[in-house]
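Content type mmCIF, C-alpha atoms, from the file data.cif:
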data_work
loop_
_atom_site.label_atom_id
_atom_site.label_comp_id
_atom_site.auth_asym_id
_atom_site.auth_seq_id
_atom_site.Cartn_x
_atom_site.Cartn_y
_atom_site.Cartn_z
CA MET A 8 11.67 2.30 -112.95
CA ASN A 9 9.30 0.57 -115.39
CA LEU A 10 8.08 1.36 -118.86
CA ILE A 11 4.86 0.43 -120.57
CA VAL A 12 4.40 0.39 -124.34
CA ALA A 13 2.44 -1.20 -127.19
CA VAL A 14 4.51 -2.15 -130.26
CA ASP A 15 3.85 -3.71 -133.63
CA LYS A 16 5.96 -6.53 -135.08
CA HIS A 17 8.62 -3.97 -136.19
CA TRP A 18 8.50 -2.23 -132.78
CA GLY A 19 6.58 0.71 -134.23
CA ILE A 20 4.62 2.67 -131.62
CA GLY A 21 2.93 5.53 -133.45
CA LYS A 22 2.18 7.51 -136.56
CA ASN A 23 1.54 11.25 -136.78
CA GLY A 24 1.43 11.59 -132.99
CA ARG A 25 -1.21 8.87 -132.52
CA LEU A 26 -1.10 5.27 -131.35
CA LEU A 27 -1.04 2.69 -134.15
CA VAL A 28 -4.12 0.90 -132.81
CA SER A 29 -6.32 0.96 -129.76
CA ILE A 30 -6.91 -2.46 -128.19
CA PRO A 31 -9.31 -2.40 -125.21
CA GLU A 32 -7.40 -5.10 -123.30
CA ASP A 33 -4.15 -3.13 -123.74
CA GLN A 34 -5.89 -0.01 -122.42
CA ARG A 35 -7.18 -2.00 -119.44
CA LEU A 36 -3.68 -3.30 -118.71
CA PHE A 37 -2.26 0.23 -118.91
CA ARG A 38 -4.94 1.47 -116.51
CA GLU A 39 -4.38 -1.39 -114.05
CA GLU A 40 -0.60 -1.10 -114.11
CA THR A 41 -0.43 2.70 -113.73
CA LEU A 42 -3.45 3.69 -111.61
CA GLY A 43 -2.28 5.24 -108.34
CA LYS A 44 1.30 5.39 -109.59
CA VAL A 45 3.64 7.81 -111.32
CA VAL A 46 3.75 8.17 -115.11
CA ILE A 47 6.44 9.99 -117.03
CA MET A 48 5.54 11.18 -120.50
CA GLY A 49 6.51 13.73 -123.07
CA ARG A 50 4.53 16.85 -123.86
CA LYS A 51 3.26 15.46 -127.17
CA THR A 52 2.00 12.30 -125.48
CA LEU A 53 0.24 14.36 -122.81
CA GLU A 54 -1.35 16.59 -125.43
CA SER A 55 -2.60 13.51 -127.33
CA LEU A 56 -4.65 12.42 -124.28
CA PRO A 57 -8.34 13.39 -123.98
CA GLY A 58 -8.46 17.12 -123.34
CA GLY A 59 -4.65 17.22 -123.28
CA LYS A 60 -4.87 16.62 -119.53
CA PRO A 61 -3.02 14.25 -117.19
CA LEU A 62 -4.62 10.86 -116.66
CA TYR A 63 -6.90 10.53 -113.64
CA GLY A 64 -5.49 8.90 -110.52
CA ARG A 65 -1.83 9.15 -111.45
CA THR A 66 1.02 11.49 -110.60
CA THR A 67 2.16 12.83 -113.96
CA LEU A 68 5.68 14.02 -114.73
CA VAL A 69 6.01 15.69 -118.14
CA LEU A 70 9.24 16.17 -120.04
CA SER A 71 9.23 19.01 -122.59
CA ARG A 72 11.83 21.00 -124.45
CA GLN A 73 9.48 23.99 -124.45
CA PRO A 74 10.84 26.49 -121.91
CA GLY A 75 8.33 27.25 -119.18
CA TYR A 76 5.87 24.58 -120.33
CA ARG A 77 3.19 24.06 -117.66
CA VAL A 78 -0.01 22.04 -117.44
CA LYS A 79 -2.46 21.89 -114.56
CA GLY A 80 -2.23 18.65 -112.59
CA ALA A 81 1.28 17.70 -113.72
CA ARG A 82 4.85 18.47 -112.80
CA CYS A 83 6.81 19.65 -115.83
CA PHE A 84 10.53 19.37 -116.52
CA SER A 85 12.81 20.56 -119.30
CA ASP A 86 15.58 17.94 -119.09
CA VAL A 87 16.12 14.27 -118.35
CA GLU A 88 18.18 14.93 -115.21
CA SER A 89 15.38 16.98 -113.62
CA VAL A 90 12.66 14.41 -114.34
CA LEU A 91 14.92 11.64 -113.00
CA ARG A 92 15.45 13.61 -109.77
CA ALA A 93 11.68 14.01 -109.44
CA ALA A 94 11.09 10.30 -110.18
CA ALA A 95 13.63 9.43 -107.46
CA GLU A 96 11.18 10.88 -104.89
CA TYR A 97 9.01 7.79 -105.47
CA ASP A 98 9.43 4.04 -105.14
CA PRO A 99 10.99 3.02 -108.49
CA ALA A 100 8.54 0.10 -108.75
CA GLN A 101 5.72 2.67 -108.84
CA VAL A 102 7.15 4.75 -111.72
CA PHE A 103 6.20 4.04 -115.36
CA VAL A 104 7.61 5.67 -118.48
CA ALA A 105 4.64 6.01 -120.86
CA GLY A 106 6.02 7.59 -124.03
CA GLY A 107 6.46 8.83 -126.61
CA GLY A 108 9.38 7.59 -128.64
CA GLU A 109 11.95 10.19 -127.61
CA ILE A 110 11.04 9.82 -123.93
CA TYR A 111 11.32 6.04 -124.10
CA ARG A 112 14.77 6.26 -125.69
CA ALA A 113 15.97 8.89 -123.19
CA LEU A 114 14.79 6.99 -120.09
CA LEU A 115 15.31 3.38 -121.17
CA PRO A 116 18.76 3.20 -119.51
CA TRP A 117 17.12 3.81 -116.09
CA CYS A 118 14.31 1.28 -116.54
CA ARG A 119 14.49 -2.21 -115.01
CA THR A 120 11.20 -3.69 -116.29
CA ALA A 121 9.36 -3.24 -119.60
CA HIS A 122 5.67 -4.11 -119.97
CA VAL A 123 5.16 -4.60 -123.71
CA THR A 124 1.96 -5.29 -125.61
CA TYR A 125 3.29 -7.02 -128.72
CA ILE A 126 0.95 -6.76 -131.71
CA ASP A 127 1.65 -9.30 -134.45
CA TYR A 128 0.98 -6.91 -137.31
CA ALA A 129 3.12 -4.41 -139.25
CA TYR A 130 1.68 -0.92 -139.31
CA GLU A 131 2.97 2.13 -141.11
CA ALA A 132 4.76 3.93 -138.28
CA ASP A 133 6.96 6.98 -137.84
CA ALA A 134 7.86 6.41 -134.18
CA TYR A 135 9.61 3.32 -132.90
CA PHE A 136 10.64 1.69 -129.64
CA PRO A 137 14.01 -0.08 -129.41
CA ASN A 138 13.69 -3.80 -130.20
CA LEU A 139 14.28 -5.43 -126.80
CA ASP A 140 14.48 -8.88 -128.41
CA GLN A 141 17.73 -7.74 -130.07
CA ASP A 142 19.12 -5.92 -127.02
CA PRO A 143 21.50 -8.10 -124.97
CA ASP A 144 20.74 -6.01 -121.86
CA TRP A 145 17.12 -7.24 -121.83
CA LYS A 146 15.44 -10.63 -121.64
CA MET A 147 11.79 -11.57 -121.90
CA ASP A 148 10.75 -13.37 -118.73
CA LEU A 149 7.00 -13.60 -119.32
CA GLU A 150 4.64 -13.82 -122.29
CA THR A 151 0.92 -14.45 -122.15
CA GLU A 152 -0.91 -16.66 -124.58
CA GLU A 153 -1.83 -14.95 -127.80
CA ALA A 154 -5.13 -13.07 -127.73
CA THR A 155 -7.14 -11.52 -130.53
CA TYR A 156 -8.99 -8.29 -131.06
CA PHE A 157 -11.01 -8.62 -134.26
CA ASP A 158 -8.31 -9.94 -136.64
CA LEU A 159 -5.31 -8.67 -134.63
CA CYS A 160 -3.21 -11.12 -132.63
CA TYR A 161 -1.31 -9.77 -129.65
CA SER A 162 0.33 -10.86 -126.42
CA PHE A 163 1.56 -9.19 -123.27
CA ARG A 164 5.26 -9.52 -122.59
CA ARG A 165 7.45 -8.56 -119.67
CA TYR A 166 11.13 -7.87 -120.20
CA VAL A 167 13.65 -7.43 -117.41
CA ARG A 168 17.07 -5.84 -117.52
CA ARG A 169 19.85 -8.45 -117.21
#
Rewrite the structure of this file - the entire thing - as structure tokens.
Amino acid sequence: MNLIVAVDKHWGIGKNGRLLVSIPEDQRLFREETLGKVVIMGRKTLESLPGGKPLYGRTTLVLSRQPGYRVKGARCFSDVESVLRAAAEYDPAQVFVAGGGEIYRALLPWCRTAHVTYIDYAYEADAYFPNLDQDPDWKMDLETEEATYFDLCYSFRRYVRR
């Protein structure tokens, strides 16, 4: 299983249920990496999407603590074990964990590859992703050259589980 995330320099990922920043190249990468594949996300992340609907062209698995939670066009689950069983129906290379913070933390142990957009800026955040640079179970095996979006510097990194 993979995960895909954008983090700031303190590994912040969001504030008040929203992304910290929207970088078009990051959105393009997300689209390219996940189109035609399976994405796992939490209810809050799903509801933050346009219209609160699953993303076009992807199989969406939603994890929610709300009993009986349902949304058209997605498969919904109430616990990690159930969503993992559903994800096991697919090729693990085609499954991407897409947030939010609680979902990343819950599913990180089952992920083998992390696609990280690293933004060299410190935002005010209230949701964080675990710092993979400090985790001995992970190593960065790829980093693109630094790019800019207005005055923001960012790079794309790939981490693999050791």
Counting only C-alpha atoms, which residues of region 40-158 of chain A sit at most 9 Å from some atom of region 25-35 of chain A, and what is each one's closest atom pair with its distance in Å to one decimal, listed by chain and rising residue number, as JSON lines?
{"residue": "A:Glu40", "atom": "CA", "partner": "A:Arg35", "partner_atom": "CA", "distance": 8.5}
{"residue": "A:Thr52", "atom": "CA", "partner": "A:Arg25", "partner_atom": "CA", "distance": 8.5}
{"residue": "A:Ser55", "atom": "CA", "partner": "A:Arg25", "partner_atom": "CA", "distance": 7.1}
{"residue": "A:Thr124", "atom": "CA", "partner": "A:Asp33", "partner_atom": "CA", "distance": 6.7}
{"residue": "A:Tyr130", "atom": "CA", "partner": "A:Leu27", "partner_atom": "CA", "distance": 6.9}
{"residue": "A:Glu131", "atom": "CA", "partner": "A:Leu27", "partner_atom": "CA", "distance": 8.1}
{"residue": "A:Ala132", "atom": "CA", "partner": "A:Leu27", "partner_atom": "CA", "distance": 7.2}
{"residue": "A:Tyr156", "atom": "CA", "partner": "A:Ile30", "partner_atom": "CA", "distance": 6.8}
Cut-off 12 Å: closest region 43-153 of chain A/region 16-23 of chain A atom pairs per residue, using only C-alpha atoms, as a tab-separated table:
residue	atom	partner	partner_atom	distance
A:Lys51	CA	A:Asn23	CA	10.6
A:Thr52	CA	A:Gly21	CA	10.5
A:Ser55	CA	A:Asn23	CA	10.6
A:Ala105	CA	A:Ile20	CA	11.3
A:Gly106	CA	A:Ile20	CA	9.2
A:Gly107	CA	A:Ile20	CA	8.2
A:Gly108	CA	A:Ile20	CA	7.5
A:Glu109	CA	A:Ile20	CA	11.2
A:Tyr111	CA	A:Ile20	CA	10.6
A:Val123	CA	A:Trp18	CA	10.0
A:Thr124	CA	A:Trp18	CA	10.2
A:Tyr125	CA	A:Lys16	CA	6.9
A:Ile126	CA	A:Lys16	CA	6.0
A:Asp127	CA	A:Lys16	CA	5.2
A:Tyr128	CA	A:Lys16	CA	5.5
A:Ala129	CA	A:Lys16	CA	5.5
A:Tyr130	CA	A:Gly19	CA	7.2
A:Glu131	CA	A:Lys22	CA	7.1
A:Ala132	CA	A:Lys22	CA	4.7
A:Asp133	CA	A:Lys22	CA	5.0
A:Ala134	CA	A:Gly21	CA	5.1
A:Tyr135	CA	A:Gly19	CA	4.2
A:Phe136	CA	A:Trp18	CA	5.5
A:Pro137	CA	A:Trp18	CA	6.8
A:Asn138	CA	A:Trp18	CA	6.0
A:Leu139	CA	A:Trp18	CA	8.9
A:Asp140	CA	A:Trp18	CA	10.0
A:Gln141	CA	A:Trp18	CA	11.1
Self-check item: For CA of Phe163 (chain A) and CA of Asp98 (chain A), the interatomic separation in Å (one decimal)
Solution: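 CA of Asp98 (chain A) lies 23.8 Å from CA of Phe163 (chain A).
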Where does the PyMOL selection byres ((chain A and resi 61) around 12) land in this file, that is, which residues does it pick, as a CSV table (one decimal) with C-alpha atoms, in the frame of the given file?
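Wrote out_27.csv, looks like this:
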chain,number,residue,atom,x,y,z
A,42,LEU,CA,-3.4,3.7,-111.6
A,45,VAL,CA,3.6,7.8,-111.3
A,46,VAL,CA,3.8,8.2,-115.1
A,47,ILE,CA,6.4,10.0,-117.0
A,48,MET,CA,5.5,11.2,-120.5
A,49,GLY,CA,6.5,13.7,-123.1
A,50,ARG,CA,4.5,16.8,-123.9
A,51,LYS,CA,3.3,15.5,-127.2
A,52,THR,CA,2.0,12.3,-125.5
A,53,LEU,CA,0.2,14.4,-122.8
A,54,GLU,CA,-1.4,16.6,-125.4
A,55,SER,CA,-2.6,13.5,-127.3
A,56,LEU,CA,-4.6,12.4,-124.3
A,57,PRO,CA,-8.3,13.4,-124.0
A,58,GLY,CA,-8.5,17.1,-123.3
A,59,GLY,CA,-4.6,17.2,-123.3
A,60,LYS,CA,-4.9,16.6,-119.5
A,62,LEU,CA,-4.6,10.9,-116.7
A,63,TYR,CA,-6.9,10.5,-113.6
A,64,GLY,CA,-5.5,8.9,-110.5
A,65,ARG,CA,-1.8,9.2,-111.4
A,66,THR,CA,1.0,11.5,-110.6
A,67,THR,CA,2.2,12.8,-114.0
A,68,LEU,CA,5.7,14.0,-114.7
A,69,VAL,CA,6.0,15.7,-118.1
A,77,ARG,CA,3.2,24.1,-117.7
A,78,VAL,CA,0.0,22.0,-117.4
A,79,LYS,CA,-2.5,21.9,-114.6
A,80,GLY,CA,-2.2,18.6,-112.6
A,81,ALA,CA,1.3,17.7,-113.7
A,82,ARG,CA,4.8,18.5,-112.8
A,83,CYS,CA,6.8,19.6,-115.8
A,105,ALA,CA,4.6,6.0,-120.9
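Proximity to Lys146 (chain A) at 12 Å, evaluated using all atoms listed in the file and with sequence-adjacent residues fewer than 6 positions away removed, yields Arg119, Thr120, Ala121, His122, Asn138, Leu139, Asp140, Arg164, Arg165, Tyr166, Val167, Arg168 and Arg169 of chain A.
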